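Novice: Quick one: the structure is below, and I'll ask about it shortly.
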Amino acid sequence: MGDLKEVNKEIITSPSNPHVKRLSALLKKGRLRREEGVFVCEGRKMFLEVLFQFPERIETAYFTEKVYNELNESCRERLSEISCLLMSDSLFDKAAETVTPQGVLAIVKFPGRSLEDLCLKQENGSVLRLLILDNLRDPGNLGTVVRTAEAAGMTGILLSSESVDVTNPKVVRSTMGAILRVPVCCTDSIAEAVGFYRRKFADLKVYAAALDASIPYTQADFTGDFAIIVGNESSGVGRESVEAADCCLHIPMEGRVESLNAAVAAAVMMYRAKEMRK
């Protein structure tokens, strides 16, 4: 076990290789990723997280010869049941999305999530601490939000269909592994999704972040089941989302700042909710 020849008889060097073509297509085409239910994991840290936490999700792993040879015995044992391929350094550099590739890529199965999956199951019933993102377009913002949502103890994230694809390589890298652990679901209608949760959680409070709201976020009740809706980076929360909410919240600001970054605004309110739960 661990012999290089057991992984792949030869190192892939041609960009016309079917494996390379598929990997390249998955990195570039969100529609293909969604159809196949996968995302591409890049970098050693995140790959090792997937390998040791969710090895069953790895469909295929790609390595440079140097990086594969540097894997310890524990990693190789984990990889024994996984399809692994080797690529030349030059081809790997062309295939990778990052400027300085780390010699490992993996196609990872992204579990399909339902509205129900975003509820946290506990012995005394379900709990909802939901972040709803309305038309969020920036990959870095979404990745940061997913990572922060995990840190703040949210039960899940609901994305509008107009939002950036959560399997976008930039989003995946920005989550720093949180995409593996935070349930994310997409919806064509935020209003219908909110209606689903209202039927399930009788005392649900739904808040929308809006600049012209009269209630500061510090007055919101985050002690029970709640959902926070954060909008687009430039235009904010849409009308449908505002109408679906119980009330709108704003974050008081000083100076001449007109608005906060969407990820920052979401973080402020999620951590306010975390503090209130204490």
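Identifiers for the structure tokens are assigned positionally: chains receive A, B, ... in sequence, residues are indexed from 1 per chain, and ligands are indexed from 1 in the order shown.
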Which polymer residues have any atom within 6 Å of an atom of segment 212-214 of chain A, counting only C-alpha atoms, with same-chain residues fewer than 5 positions away left out, as number ranges by chain?
Specialist: A: 248-250
Novice: If you count only C-alpha atoms, which residues fall within 6 Å of segment 158-172 of chain A, apart from same-chain ones fewer than 4 positions away, as a PDB file with N, CA and C atoms, in the first residue's frame?
Specialist:
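Result written to selection-v6.pdb:
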```pdb
ATOM      1  N   PHE A  39     -18.589  19.684  -6.103  1.00  0.00           N
ATOM      2  CA  PHE A  39     -17.766  20.884  -6.169  1.00  0.00           C
ATOM      3  C   PHE A  39     -16.314  20.440  -6.199  1.00  0.00           C
ATOM      4  N   ILE A 132     -30.860  33.859   5.705  1.00  0.00           N
ATOM      5  CA  ILE A 132     -31.387  33.851   4.339  1.00  0.00           C
ATOM      6  C   ILE A 132     -30.658  34.925   3.530  1.00  0.00           C
ATOM      7  N   LEU A 133     -30.088  34.539   2.409  1.00  0.00           N
ATOM      8  CA  LEU A 133     -29.327  35.463   1.569  1.00  0.00           C
ATOM      9  C   LEU A 133     -30.102  35.744   0.286  1.00  0.00           C
ATOM     10  N   ASP A 134     -30.484  36.994   0.134  1.00  0.00           N
ATOM     11  CA  ASP A 134     -31.317  37.418  -0.985  1.00  0.00           C
ATOM     12  C   ASP A 134     -30.450  38.037  -2.075  1.00  0.00           C
ATOM     13  N   ASN A 135     -30.200  37.262  -3.135  1.00  0.00           N
ATOM     14  CA  ASN A 135     -29.476  37.773  -4.298  1.00  0.00           C
ATOM     15  C   ASN A 135     -28.055  38.205  -3.975  1.00  0.00           C
ATOM     16  N   LEU A 136     -27.378  37.475  -3.119  1.00  0.00           N
ATOM     17  CA  LEU A 136     -25.985  37.776  -2.797  1.00  0.00           C
ATOM     18  C   LEU A 136     -25.114  37.335  -3.971  1.00  0.00           C
ATOM     19  N   ARG A 137     -24.308  38.238  -4.510  1.00  0.00           N
ATOM     20  CA  ARG A 137     -23.615  37.958  -5.767  1.00  0.00           C
ATOM     21  C   ARG A 137     -22.109  37.752  -5.636  1.00  0.00           C
ATOM     22  N   PRO A 139     -18.717  36.127  -4.604  1.00  0.00           N
ATOM     23  CA  PRO A 139     -18.256  34.827  -4.085  1.00  0.00           C
ATOM     24  C   PRO A 139     -17.532  34.933  -2.751  1.00  0.00           C
ATOM     25  N   GLY A 140     -16.696  35.960  -2.605  1.00  0.00           N
ATOM     26  CA  GLY A 140     -15.970  36.136  -1.350  1.00  0.00           C
ATOM     27  C   GLY A 140     -16.902  36.400  -0.192  1.00  0.00           C
ATOM     28  N   GLY A 143     -18.652  33.062   0.747  1.00  0.00           N
ATOM     29  CA  GLY A 143     -17.739  32.180   1.465  1.00  0.00           C
ATOM     30  C   GLY A 143     -17.523  32.627   2.896  1.00  0.00           C
ATOM     31  N   VAL A 184     -26.620  24.114   3.420  1.00  0.00           N
ATOM     32  CA  VAL A 184     -26.987  25.210   2.524  1.00  0.00           C
ATOM     33  C   VAL A 184     -28.031  24.696   1.541  1.00  0.00           C
ATOM     34  N   CYS A 185     -29.101  25.459   1.388  1.00  0.00           N
ATOM     35  CA  CYS A 185     -30.187  25.090   0.484  1.00  0.00           C
ATOM     36  C   CYS A 185     -30.525  26.286  -0.392  1.00  0.00           C
ATOM     37  N   CYS A 186     -30.953  26.014  -1.630  1.00  0.00           N
ATOM     38  CA  CYS A 186     -31.326  27.079  -2.556  1.00  0.00           C
ATOM     39  C   CYS A 186     -32.838  27.074  -2.752  1.00  0.00           C
ATOM     40  N   THR A 187     -33.427  28.259  -2.919  1.00  0.00           N
ATOM     41  CA  THR A 187     -34.875  28.350  -3.122  1.00  0.00           C
ATOM     42  C   THR A 187     -35.205  29.326  -4.244  1.00  0.00           C
ATOM     43  N   ASP A 188     -36.272  29.024  -4.974  1.00  0.00           N
ATOM     44  CA  ASP A 188     -36.748  29.937  -6.021  1.00  0.00           C
ATOM     45  C   ASP A 188     -37.610  31.039  -5.435  1.00  0.00           C
TER      46      ASP A 188
END
```
Novice: Residues of segment 18-68 of chain A within 12 Å of segment 73-85 of chain A: nearest atom pair and distance (Å, one decimal) for each, counting only C-alpha atoms, sorted by chain and number, as CSV?
Specialist:
```
residue,atom,partner,partner_atom,distance
A:His19,CA,A:Leu85,CA,8.8
A:Val20,CA,A:Leu85,CA,10.1
A:Leu23,CA,A:Leu85,CA,11.7
A:Arg44,CA,A:Cys75,CA,11.5
A:Phe47,CA,A:Cys75,CA,10.6
A:Leu48,CA,A:Cys75,CA,8.1
A:Glu49,CA,A:Cys75,CA,11.0
A:Val50,CA,A:Arg78,CA,10.6
A:Leu51,CA,A:Arg78,CA,6.9
A:Phe52,CA,A:Arg78,CA,7.5
A:Gln53,CA,A:Arg78,CA,10.5
A:Phe54,CA,A:Arg78,CA,10.4
A:Pro55,CA,A:Arg78,CA,7.3
A:Glu56,CA,A:Ile82,CA,8.4
A:Arg57,CA,A:Ile82,CA,9.7
A:Ile58,CA,A:Ile82,CA,7.0
A:Glu59,CA,A:Ser83,CA,6.8
A:Thr60,CA,A:Ser83,CA,4.9
A:Ala61,CA,A:Cys84,CA,4.7
A:Tyr62,CA,A:Leu85,CA,4.9
A:Phe63,CA,A:Leu85,CA,6.3
A:Thr64,CA,A:Leu85,CA,8.6
A:Glu65,CA,A:Leu85,CA,9.4
A:Val67,CA,A:Cys75,CA,11.7
A:Tyr68,CA,A:Arg76,CA,8.8
```
Novice: Could you write out that same residue set with N, CA and C atoms as a PDB file, in the first residue's frame?
Specialist:
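Wrote it out as part.pdb, contents follow:
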```pdb
ATOM      1  N   HIS A  19     -10.101  13.011 -18.017  1.00  0.00           N
ATOM      2  CA  HIS A  19     -10.165  13.414 -16.613  1.00  0.00           C
ATOM      3  C   HIS A  19      -9.851  14.902 -16.466  1.00  0.00           C
ATOM      4  N   VAL A  20      -8.860  15.363 -17.200  1.00  0.00           N
ATOM      5  CA  VAL A  20      -8.466  16.766 -17.133  1.00  0.00           C
ATOM      6  C   VAL A  20      -9.567  17.656 -17.710  1.00  0.00           C
ATOM      7  N   LEU A  23     -12.412  17.855 -15.128  1.00  0.00           N
ATOM      8  CA  LEU A  23     -12.018  18.688 -14.001  1.00  0.00           C
ATOM      9  C   LEU A  23     -12.065  20.157 -14.379  1.00  0.00           C
ATOM     10  N   ARG A  44      -4.314  21.779   0.271  1.00  0.00           N
ATOM     11  CA  ARG A  44      -4.051  20.667   1.183  1.00  0.00           C
ATOM     12  C   ARG A  44      -4.938  20.691   2.423  1.00  0.00           C
ATOM     13  N   PHE A  47      -8.525  19.732   1.611  1.00  0.00           N
ATOM     14  CA  PHE A  47      -8.575  18.345   1.155  1.00  0.00           C
ATOM     15  C   PHE A  47      -8.460  17.383   2.340  1.00  0.00           C
ATOM     16  N   LEU A  48      -7.553  17.673   3.262  1.00  0.00           N
ATOM     17  CA  LEU A  48      -7.376  16.801   4.422  1.00  0.00           C
ATOM     18  C   LEU A  48      -8.616  16.803   5.315  1.00  0.00           C
ATOM     19  N   GLU A  49      -9.301  17.964   5.394  1.00  0.00           N
ATOM     20  CA  GLU A  49     -10.545  18.008   6.156  1.00  0.00           C
ATOM     21  C   GLU A  49     -11.575  17.064   5.558  1.00  0.00           C
ATOM     22  N   VAL A  50     -11.717  17.123   4.218  1.00  0.00           N
ATOM     23  CA  VAL A  50     -12.670  16.233   3.558  1.00  0.00           C
ATOM     24  C   VAL A  50     -12.249  14.779   3.748  1.00  0.00           C
ATOM     25  N   LEU A  51     -10.963  14.514   3.565  1.00  0.00           N
ATOM     26  CA  LEU A  51     -10.447  13.146   3.633  1.00  0.00           C
ATOM     27  C   LEU A  51     -10.698  12.498   4.992  1.00  0.00           C
ATOM     28  N   PHE A  52     -10.531  13.255   6.066  1.00  0.00           N
ATOM     29  CA  PHE A  52     -10.652  12.674   7.400  1.00  0.00           C
ATOM     30  C   PHE A  52     -12.048  12.823   8.007  1.00  0.00           C
ATOM     31  N   GLN A  53     -12.831  13.782   7.507  1.00  0.00           N
ATOM     32  CA  GLN A  53     -14.177  13.954   8.045  1.00  0.00           C
ATOM     33  C   GLN A  53     -15.248  13.316   7.165  1.00  0.00           C
ATOM     34  N   PHE A  54     -15.084  13.458   5.848  1.00  0.00           N
ATOM     35  CA  PHE A  54     -16.104  12.963   4.918  1.00  0.00           C
ATOM     36  C   PHE A  54     -15.462  12.241   3.731  1.00  0.00           C
ATOM     37  N   PRO A  55     -14.685  11.193   3.974  1.00  0.00           N
ATOM     38  CA  PRO A  55     -14.001  10.516   2.865  1.00  0.00           C
ATOM     39  C   PRO A  55     -14.964   9.960   1.817  1.00  0.00           C
ATOM     40  N   GLU A  56     -16.175   9.620   2.255  1.00  0.00           N
ATOM     41  CA  GLU A  56     -17.149   9.057   1.329  1.00  0.00           C
ATOM     42  C   GLU A  56     -17.618  10.062   0.283  1.00  0.00           C
ATOM     43  N   ARG A  57     -17.366  11.340   0.547  1.00  0.00           N
ATOM     44  CA  ARG A  57     -17.783  12.371  -0.415  1.00  0.00           C
ATOM     45  C   ARG A  57     -16.780  12.566  -1.558  1.00  0.00           C
ATOM     46  N   ILE A  58     -15.567  12.073  -1.405  1.00  0.00           N
ATOM     47  CA  ILE A  58     -14.548  12.297  -2.436  1.00  0.00           C
ATOM     48  C   ILE A  58     -14.780  11.339  -3.600  1.00  0.00           C
ATOM     49  N   GLU A  59     -15.007  11.903  -4.753  1.00  0.00           N
ATOM     50  CA  GLU A  59     -15.218  11.097  -5.955  1.00  0.00           C
ATOM     51  C   GLU A  59     -13.882  10.745  -6.603  1.00  0.00           C
ATOM     52  N   THR A  60     -13.049  11.766  -6.837  1.00  0.00           N
ATOM     53  CA  THR A  60     -11.730  11.574  -7.437  1.00  0.00           C
ATOM     54  C   THR A  60     -10.771  12.594  -6.856  1.00  0.00           C
ATOM     55  N   ALA A  61      -9.547  12.175  -6.578  1.00  0.00           N
ATOM     56  CA  ALA A  61      -8.509  13.081  -6.074  1.00  0.00           C
ATOM     57  C   ALA A  61      -7.374  13.148  -7.099  1.00  0.00           C
ATOM     58  N   TYR A  62      -6.851  14.349  -7.302  1.00  0.00           N
ATOM     59  CA  TYR A  62      -5.765  14.578  -8.253  1.00  0.00           C
ATOM     60  C   TYR A  62      -4.563  15.137  -7.501  1.00  0.00           C
ATOM     61  N   PHE A  63      -3.379  14.595  -7.778  1.00  0.00           N
ATOM     62  CA  PHE A  63      -2.173  15.034  -7.105  1.00  0.00           C
ATOM     63  C   PHE A  63      -1.042  15.255  -8.113  1.00  0.00           C
ATOM     64  N   THR A  64      -0.097  16.103  -7.722  1.00  0.00           N
ATOM     65  CA  THR A  64       1.192  16.075  -8.396  1.00  0.00           C
ATOM     66  C   THR A  64       1.969  14.922  -7.762  1.00  0.00           C
ATOM     67  N   GLU A  65       2.948  14.415  -8.469  1.00  0.00           N
ATOM     68  CA  GLU A  65       3.725  13.282  -7.955  1.00  0.00           C
ATOM     69  C   GLU A  65       4.393  13.638  -6.630  1.00  0.00           C
ATOM     70  N   VAL A  67       3.536  15.858  -4.287  1.00  0.00           N
ATOM     71  CA  VAL A  67       2.595  15.962  -3.171  1.00  0.00           C
ATOM     72  C   VAL A  67       2.100  14.583  -2.752  1.00  0.00           C
ATOM     73  N   TYR A  68       1.814  13.715  -3.710  1.00  0.00           N
ATOM     74  CA  TYR A  68       1.359  12.378  -3.337  1.00  0.00           C
ATOM     75  C   TYR A  68       2.425  11.632  -2.534  1.00  0.00           C
TER      76      TYR A  68
END
```
Novice: Can you work out which one of A:Leu27, A:Ala152, A:Ile215, A:Met176 has the shortest atom-to-atom distance to Arg277 of chain A, counting only C-alpha atoms?
Specialist: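 The closest residue to Arg277 of chain A is A:Ala152.
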Novice: Check the DSSP output for the backbone and give back, as a PyMOL selection string, the residues of segment 28-216 of chain A in strand (DSSP E or B).
Specialist: chain A and resi 38-42+58-64+83-87+104-109+120-122+125-127+129-133+156-160+184-187+205-209+215-216
